[in-house]
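Note sheet for the following structure.
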Amino acid sequence: MLYVDYYLDLLMEIYYFMIIGYILLSWVPSARESFIGELLGKAVEPYLSPFRKIIPTFGFIDLSPIVALIALRFVVGGLEAVIHFIVGVF
């Protein structure tokens, strides 16, 4: 059980830093058109796009990645709770 928590947290942290890296690339001109920017975009944009549809931008500030990062923490915490519950039942 400890391994499942470890790997789930590891995957969440990797995806968390991928989102942060993608956000930081938006501050550098033409960085999203690079190989790394396109790779991160293909991995991160499907997760961010539903949040961008719901949350409006305030001028040039896009708050949807912040909400997406918070939601990612809650989802992983919920998955861990469900896994602990299922394992505890058996």
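Simple scheme: letters A, B, ... for chains in structure tokens order, numbers from 1 for residues in each chain, numbers from 1 for ligands in the order shown.
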
How close does each residue of range 7-37 of chain A get to range 53-70 of chain A, giving the shortest atom pair and distance in Å to one decimal for every residue with an atom at most 8 Å away, counting only C-alpha atoms, sorted by chain and residue number, as a tab-separated table?
```
residue	atom	partner	partner_atom	distance
A:Tyr16	CA	A:Leu69	CA	6.7
A:Ile19	CA	A:Pro65	CA	7.5
A:Ile23	CA	A:Pro65	CA	7.7
```

List the spatial neighbours of Tyr22 in chain A as an mmCIF file with C-alpha atoms, in the first residue's frame - criterion: any atom at most 9 Å away, only C-alpha atoms, same-chain residues fewer than 6 positions off excluded.
```cif
data_model
loop_
_atom_site.group_PDB
_atom_site.id
_atom_site.type_symbol
_atom_site.label_atom_id
_atom_site.label_comp_id
_atom_site.auth_asym_id
_atom_site.auth_seq_id
_atom_site.Cartn_x
_atom_site.Cartn_y
_atom_site.Cartn_z
ATOM 1 C CA ARG A 32 5.855 27.522 -26.323
ATOM 2 C CA GLY A 37 6.955 23.871 -25.074
ATOM 3 C CA LEU A 40 4.437 20.217 -22.359
ATOM 4 C CA GLY A 41 1.483 21.694 -24.228
ATOM 5 C CA VAL A 44 -0.835 19.774 -19.967
ATOM 6 C CA GLU A 45 -3.303 21.577 -22.230
#
```

I'd like to know which of A:Leu25, A:Ala43, A:Ile14, A:Val4 is closest to Leu79 in chain A, using only C-alpha atoms.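 Looking only at the distances to Leu79 in chain A, the closest residue turns out to be A:Val4.
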